[in-house]
Amino acid sequence: MAAREQFGSRLGFILAAAGSAVGIGNMVGFPVAATKNGGGAFLLLYALFVVLICLPVMLAEMSVGRHSRKDPLNAYTHLTNNEPHWRVAGWLSIITPFMIAVFYLVITVWIFGYLFQSIMGNLDQLADPATFGAFIQSSDLFIYMVAVLAVVYLILQGGVKQGIEKAAKVMMPALFFMLIGLVIFVLTLDNAFAGVEYYLVPDFSKITASVVSAALSQAFFSLSLGMGIMITYGSYLDSKSDVPGSAKFVALADTGVAFIAGLLILPAIFSFNPDTNTAELSDSSVGMIFTFLPKIFLALQASIGYLGASIVASLFFLLVFFAAITSLVSIFEVPVSAFMESKKVSRKKALGLMGALLVVTSVIASMSFGIWDPVTSFVTYADQSKSLFDVIVDVFYDTILPLNGLLICLFVIYRWKKDNFNAELDEGAPNYKGSFFEKYVDFSVGTFIPVILLLIFINTVALKYF
Ligand code: PHE
């Protein structure tokens, strides 16, 4: 049997995992959520959740991956001698990333479309409020989808080291420089600092139970947890790598980029309209990227000209596109790797078959916005008519993610056992052994973290579907 593929270097692994974590959620989701929910207070809560809850879950995932050297499905079955209920957990961690890949691909295709139009200089068209609604119903989407999938395919067919790692090594630094460049530019605009103030001054009165839960979900999703990704990427590490050390970097990079993205978005909004108040900010990330920001890009023409504004818009969409691609690659690698392992087929074959399945599902899902009635009005629950796209988001993003997090916690502590978990993390990380952090991780993963994830799961089920 061919040896399992591996990342070539520690930096490569960190960049690939950070590439997965840094996505649309950081660029737009976080700034929008922070602005609506108390600014600095939300940020504080978010950072607390990253450290206290998400980092231990990330370690649970990575350790299972590295120990088993397998994708999540085969990891669960291999480590339990095929116990049926853990097989279910394994299947969930394959189906979840596949379905989230569908929803994420649809949005990445929109981003690509806006990138393309910005490069073509069509800012006035993008800024027209009617454009987005028409765009998501147009057949152009399918052309853009082919382009996005070609990029994902090209990266993944190169494998772990020559594909995923190489792409991350190019895209992540590029993303960072574009982000910093854009922040510097935006901060020179009139009134930008009013946005910084609005973003950062904490308003603790906004912190309610639902804001707390929103901050946790945002952090969990942003770190790519519950999707089998960190298990899969962990499985490409050798026993010499320092897993806890690398995980800390990934968490830091992810939180850092989310924070810096806020320094781009909020000042841009305030320089565009100094009297902005929360009510005026569009309440969804989708509204923010596709209708609000294009208006700002168009308005920039007055000060920096047509070409300048087009460049700024193109850089912004390229930035979000890079963030989205490295996430999409990581999530799609999970079913591809499971298929390669289970059926003993080549990467090319697994990619081809899974890719075909992804195309069919995504094409159908992207007709949820009025292109095709049966998927536009797919089902009704809780008295609301839902499209197929809504259902995928509700079921997989909102409901199953915390469930998968709960299962991996229970698995490492109560089935695989704490001593094995700790021993795996100690390997390659001499400073971790016996540290306070280690004690915290194994205690929290075995106690309150699964309880919190269970409560989120129950609460979501009760609120969403009944
Ligand atoms: N961490 C990603 C983000 O914040 C979420 C994600 C990762 C989505 C991987 C899909 C695949 O956008």
# chains A, B, ... in the order shown; residues from 1 in each chain; ligands from 1
call {"tool": "closest_atom_pairs", "arguments": {"of": "chain A", "to": "ligand 1", "cutoff": "9 Å", "atoms": "only C-alpha atoms and all ligand atoms", "output": "tab-separated table"}}
result
residue	atom	partner	partner_atom_place_in_ligand_line	distance
A:Ala18	CA	ligand 1	1 (N)	8.4
A:Gly19	CA	ligand 1	1 (N)	8.1
A:Ser20	CA	ligand 1	7 (C)	5.1
A:Ala21	CA	ligand 1	1 (N)	3.6
A:Val22	CA	ligand 1	1 (N)	5.1
A:Gly23	CA	ligand 1	12 (O)	3.2
A:Ile24	CA	ligand 1	12 (O)	3.9
A:Gly25	CA	ligand 1	4 (O)	3.4
A:Asn26	CA	ligand 1	4 (O)	5.0
A:Met27	CA	ligand 1	4 (O)	7.8
A:Val28	CA	ligand 1	12 (O)	8.8
A:Gly29	CA	ligand 1	4 (O)	7.6
A:Phe30	CA	ligand 1	4 (O)	8.4
A:Pro97	CA	ligand 1	11 (C)	7.2
A:Ile100	CA	ligand 1	10 (C)	6.2
A:Ala101	CA	ligand 1	10 (C)	6.0
A:Phe103	CA	ligand 1	10 (C)	8.4
A:Tyr104	CA	ligand 1	10 (C)	5.8
A:Leu105	CA	ligand 1	10 (C)	8.4
A:Gln218	CA	ligand 1	4 (O)	7.9
A:Ala219	CA	ligand 1	4 (O)	8.3
A:Phe220	CA	ligand 1	1 (N)	8.3
A:Phe221	CA	ligand 1	5 (C)	5.4
A:Ser222	CA	ligand 1	1 (N)	3.7
A:Leu223	CA	ligand 1	1 (N)	5.1
A:Ser224	CA	ligand 1	1 (N)	4.5
A:Leu225	CA	ligand 1	1 (N)	8.0
A:Met227	CA	ligand 1	9 (C)	7.7
A:Ile229	CA	ligand 1	9 (C)	7.5
A:Asp254	CA	ligand 1	1 (N)	8.2
A:Ala258	CA	ligand 1	4 (O)	8.7
A:Ala323	CA	ligand 1	12 (O)	7.5
A:Ala324	CA	ligand 1	12 (O)	6.6
A:Ile325	CA	ligand 1	11 (C)	8.7
A:Thr326	CA	ligand 1	9 (C)	7.7
A:Ser327	CA	ligand 1	9 (C)	4.0
A:Leu328	CA	ligand 1	11 (C)	4.9
A:Val329	CA	ligand 1	11 (C)	7.5
A:Ser330	CA	ligand 1	9 (C)	5.9
A:Ile331	CA	ligand 1	11 (C)	4.6
A:Phe332	CA	ligand 1	11 (C)	7.8
call {"tool": "residues_around", "arguments": {"residues": "range 204-212 of chain A", "least_positions_apart": "2", "cutoff": "10 Å", "atoms": "only C-alpha atoms", "output": "mmCIF file with N, CA and C atoms, in the first residue's frame"}}
result
data_model
loop_
_atom_site.group_PDB
_atom_site.id
_atom_site.type_symbol
_atom_site.label_atom_id
_atom_site.label_comp_id
_atom_site.auth_asym_id
_atom_site.auth_seq_id
_atom_site.Cartn_x
_atom_site.Cartn_y
_atom_site.Cartn_z
ATOM 1 N N ALA A 33 -21.178 40.318 12.241
ATOM 2 C CA ALA A 33 -21.686 39.854 13.535
ATOM 3 C C ALA A 33 -21.197 40.753 14.662
ATOM 4 N N ALA A 34 -19.918 41.141 14.601
ATOM 5 C CA ALA A 34 -19.369 41.975 15.670
ATOM 6 C C ALA A 34 -20.078 43.327 15.714
ATOM 7 N N LYS A 36 -23.056 44.148 14.751
ATOM 8 C CA LYS A 36 -24.441 44.083 15.234
ATOM 9 C C LYS A 36 -24.525 43.777 16.722
ATOM 10 N N ASN A 37 -23.500 43.078 17.225
ATOM 11 C CA ASN A 37 -23.625 42.503 18.563
ATOM 12 C C ASN A 37 -22.686 43.079 19.618
ATOM 13 N N GLY A 38 -22.474 44.374 19.590
ATOM 14 C CA GLY A 38 -21.738 44.969 20.698
ATOM 15 C C GLY A 38 -20.247 45.172 20.464
ATOM 16 N N GLY A 39 -19.796 45.134 19.209
ATOM 17 C CA GLY A 39 -18.411 45.509 18.879
ATOM 18 C C GLY A 39 -17.369 44.785 19.712
ATOM 19 N N GLY A 40 -16.563 45.573 20.443
ATOM 20 C CA GLY A 40 -15.485 45.008 21.255
ATOM 21 C C GLY A 40 -15.961 43.935 22.217
ATOM 22 N N ALA A 41 -17.185 44.068 22.706
ATOM 23 C CA ALA A 41 -17.702 43.066 23.649
ATOM 24 C C ALA A 41 -17.847 41.723 22.946
ATOM 25 N N PHE A 42 -18.314 41.756 21.710
ATOM 26 C CA PHE A 42 -18.458 40.532 20.928
ATOM 27 C C PHE A 42 -17.086 39.918 20.636
ATOM 28 N N LEU A 45 -15.751 38.119 23.652
ATOM 29 C CA LEU A 45 -16.466 36.863 23.834
ATOM 30 C C LEU A 45 -15.973 35.831 22.820
ATOM 31 N N TYR A 46 -15.811 36.299 21.590
ATOM 32 C CA TYR A 46 -15.377 35.437 20.501
ATOM 33 C C TYR A 46 -13.984 34.867 20.812
ATOM 34 N N PHE A 49 -14.082 32.231 23.436
ATOM 35 C CA PHE A 49 -14.590 30.943 22.942
ATOM 36 C C PHE A 49 -13.554 30.220 22.088
ATOM 37 N N VAL A 201 -15.400 49.864 20.222
ATOM 38 C CA VAL A 201 -15.860 50.265 21.557
ATOM 39 C C VAL A 201 -16.896 49.245 22.041
ATOM 40 N N PRO A 202 -16.591 48.609 23.175
ATOM 41 C CA PRO A 202 -17.476 47.528 23.615
ATOM 42 C C PRO A 202 -18.815 48.053 24.119
ATOM 43 N N ALA A 214 -24.399 33.018 19.308
ATOM 44 C CA ALA A 214 -23.939 33.382 17.959
ATOM 45 C C ALA A 214 -22.414 33.473 17.915
ATOM 46 N N ALA A 215 -21.817 34.009 18.977
ATOM 47 C CA ALA A 215 -20.352 34.150 19.003
ATOM 48 C C ALA A 215 -19.699 32.776 19.002
ATOM 49 N N LEU A 216 -20.284 31.851 19.747
ATOM 50 C CA LEU A 216 -19.710 30.503 19.792
ATOM 51 C C LEU A 216 -19.853 29.802 18.436
ATOM 52 N N SER A 217 -21.024 29.909 17.827
ATOM 53 C CA SER A 217 -21.204 29.254 16.524
ATOM 54 C C SER A 217 -20.259 29.837 15.498
ATOM 55 N N GLN A 218 -20.116 31.151 15.521
ATOM 56 C CA GLN A 218 -19.225 31.822 14.576
ATOM 57 C C GLN A 218 -17.789 31.320 14.757
#
call {"tool": "select_by_dssp", "arguments": {"residues": "range 49-191 of chain A", "states": "alpha helix (DSSP H)", "output": "PyMOL selection string"}}
result
chain A and resi 49+55-68+72-79+84-119+123-127+131-135+140-157+159+166-187
call {"tool": "write_last_selection", "arguments": {"atoms": "C-alpha atoms", "output": "CSV table (one decimal), in the first residue's frame"}}
result
chain,number,residue,atom,x,y,z
A,49,PHE,CA,-14.6,30.9,22.9
A,55,LEU,CA,-9.0,25.1,20.5
A,56,PRO,CA,-9.6,22.0,22.6
A,57,VAL,CA,-12.0,20.6,20.0
A,58,MET,CA,-9.4,21.3,17.3
A,59,LEU,CA,-6.9,19.3,19.3
A,60,ALA,CA,-9.4,16.5,19.6
A,61,GLU,CA,-9.9,16.4,15.9
A,62,MET,CA,-6.2,16.7,14.9
A,63,SER,CA,-5.1,14.0,17.4
A,64,VAL,CA,-7.6,11.5,16.0
A,65,GLY,CA,-6.4,12.2,12.5
A,66,ARG,CA,-2.8,12.0,13.3
A,67,HIS,CA,-3.1,8.9,15.4
A,68,SER,CA,-5.2,6.9,12.9
A,72,PRO,CA,-12.8,10.7,9.6
A,73,LEU,CA,-14.9,7.8,8.4
A,74,ASN,CA,-12.1,5.3,8.5
A,75,ALA,CA,-10.6,6.9,11.6
A,76,TYR,CA,-13.8,6.3,13.6
A,77,THR,CA,-14.2,2.7,12.3
A,78,HIS,CA,-10.6,1.8,12.6
A,79,LEU,CA,-10.1,3.0,16.2
A,84,PRO,CA,-21.9,0.6,14.4
A,85,HIS,CA,-22.7,3.8,16.3
A,86,TRP,CA,-19.2,5.2,15.7
A,87,ARG,CA,-19.6,4.3,12.1
A,88,VAL,CA,-22.6,6.7,12.2
A,89,ALA,CA,-20.3,9.4,13.6
A,90,GLY,CA,-17.8,8.6,10.8
A,91,TRP,CA,-20.5,8.9,8.1
A,92,LEU,CA,-21.7,12.2,9.6
A,93,SER,CA,-18.2,13.6,9.3
A,94,ILE,CA,-18.2,12.8,5.6
A,95,ILE,CA,-21.7,13.9,4.6
A,96,THR,CA,-21.4,17.1,6.6
A,97,PRO,CA,-18.4,18.5,4.7
A,98,PHE,CA,-19.9,17.4,1.4
A,99,MET,CA,-23.1,19.3,2.1
A,100,ILE,CA,-21.3,22.3,3.5
A,101,ALA,CA,-19.1,22.2,0.4
A,102,VAL,CA,-22.3,22.5,-1.7
A,103,PHE,CA,-23.4,25.6,0.1
A,104,TYR,CA,-20.0,27.2,0.3
A,105,LEU,CA,-19.4,26.5,-3.4
A,106,VAL,CA,-22.6,28.4,-4.3
A,107,ILE,CA,-21.4,31.4,-2.4
A,108,THR,CA,-17.8,31.2,-3.7
A,109,VAL,CA,-19.3,31.1,-7.3
A,110,TRP,CA,-21.1,34.4,-6.5
A,111,ILE,CA,-17.8,35.9,-5.2
A,112,PHE,CA,-16.1,34.8,-8.4
A,113,GLY,CA,-18.8,36.4,-10.5
A,114,TYR,CA,-18.4,39.7,-8.6
A,115,LEU,CA,-14.6,39.4,-8.9
A,116,PHE,CA,-14.9,38.9,-12.7
A,117,GLN,CA,-17.3,41.8,-13.1
A,118,SER,CA,-15.0,44.1,-10.9
A,119,ILE,CA,-12.0,43.2,-13.1
A,123,LEU,CA,-18.8,48.7,-10.9
A,124,ASP,CA,-21.9,50.8,-11.7
A,125,GLN,CA,-23.7,47.6,-12.6
A,126,LEU,CA,-22.6,45.8,-9.4
A,127,ALA,CA,-23.7,48.7,-7.3
A,131,THR,CA,-28.2,43.3,-9.7
A,132,PHE,CA,-27.6,40.7,-7.0
A,133,GLY,CA,-31.2,39.3,-7.2
A,134,ALA,CA,-30.9,38.9,-11.0
A,135,PHE,CA,-27.4,37.6,-10.8
A,140,ASP,CA,-23.9,32.8,-16.0
A,141,LEU,CA,-23.6,31.2,-12.6
A,142,PHE,CA,-23.0,27.8,-14.2
A,143,ILE,CA,-20.1,29.2,-16.2
A,144,TYR,CA,-18.6,30.7,-13.1
A,145,MET,CA,-19.1,27.4,-11.3
A,146,VAL,CA,-17.0,25.6,-13.9
A,147,ALA,CA,-14.2,28.1,-13.4
A,148,VAL,CA,-14.3,27.8,-9.6
A,149,LEU,CA,-14.4,24.0,-9.7
A,150,ALA,CA,-11.5,23.9,-12.2
A,151,VAL,CA,-9.4,25.9,-9.6
A,152,VAL,CA,-10.4,23.5,-6.8
A,153,TYR,CA,-9.7,20.5,-9.0
A,154,LEU,CA,-6.3,21.8,-10.1
A,155,ILE,CA,-5.2,22.2,-6.5
A,156,LEU,CA,-6.5,18.9,-5.2
A,157,GLN,CA,-5.2,16.8,-8.0
A,159,GLY,CA,-2.2,16.1,-3.7
A,166,LYS,CA,1.6,24.7,-2.3
A,167,ALA,CA,-1.7,26.6,-2.9
A,168,ALA,CA,-1.8,27.7,0.8
A,169,LYS,CA,1.8,28.9,0.7
A,170,VAL,CA,0.9,31.2,-2.2
A,171,MET,CA,-2.6,32.2,-1.4
A,172,MET,CA,-2.3,32.8,2.4
A,173,PRO,CA,0.6,35.3,2.2
A,174,ALA,CA,-1.1,37.0,-0.8
A,175,LEU,CA,-4.3,37.2,1.1
A,176,PHE,CA,-2.6,38.7,4.1
A,177,PHE,CA,-0.8,41.4,2.0
A,178,MET,CA,-4.0,42.3,0.1
A,179,LEU,CA,-5.8,42.6,3.4
A,180,ILE,CA,-3.2,44.8,5.0
A,181,GLY,CA,-2.9,46.9,1.9
A,182,LEU,CA,-6.7,47.5,1.7
A,183,VAL,CA,-6.9,48.3,5.5
A,184,ILE,CA,-4.2,50.9,5.1
A,185,PHE,CA,-5.9,52.4,2.1
A,186,VAL,CA,-9.3,52.5,3.8
A,187,LEU,CA,-7.9,54.1,7.0
call {"tool": "closest_residue", "arguments": {"among": "A:Ser377, A:Ser444, A:Ser284, A:Ser385", "to": "Thr35 in chain A", "atoms": "only C-alpha atoms"}}
result
A:Ser284
call {"tool": "residues_around", "arguments": {"residues": "range 456-459 of chain A", "least_positions_apart": "3", "cutoff": "12 Å", "atoms": "only C-alpha atoms", "output": "ChimeraX atom specification"}}
result
/A:209-210,212-217,220,394-407,449-453,462-466
call {"tool": "atom_distance", "arguments": {"atom1": "CA of Ser346 in chain A", "atom2": "CA of Phe321 in chain A"}}
result
28.4 Å
call {"tool": "closest_atom_pairs", "arguments": {"of": "range 248-288 of chain A", "to": "range 196-200 of chain A", "cutoff": "7 Å", "atoms": "only C-alpha atoms", "output": "tab-separated table"}}
result
residue	atom	partner	partner_atom	distance
A:Leu263	CA	A:Val196	CA	6.3
A:Leu266	CA	A:Val196	CA	6.4
A:Pro267	CA	A:Val196	CA	5.8
call {"tool": "atom_distance", "arguments": {"atom1": "CA of Gly245 in chain A", "atom2": "CA of Cys54 in chain A"}}
result
14.5 Å
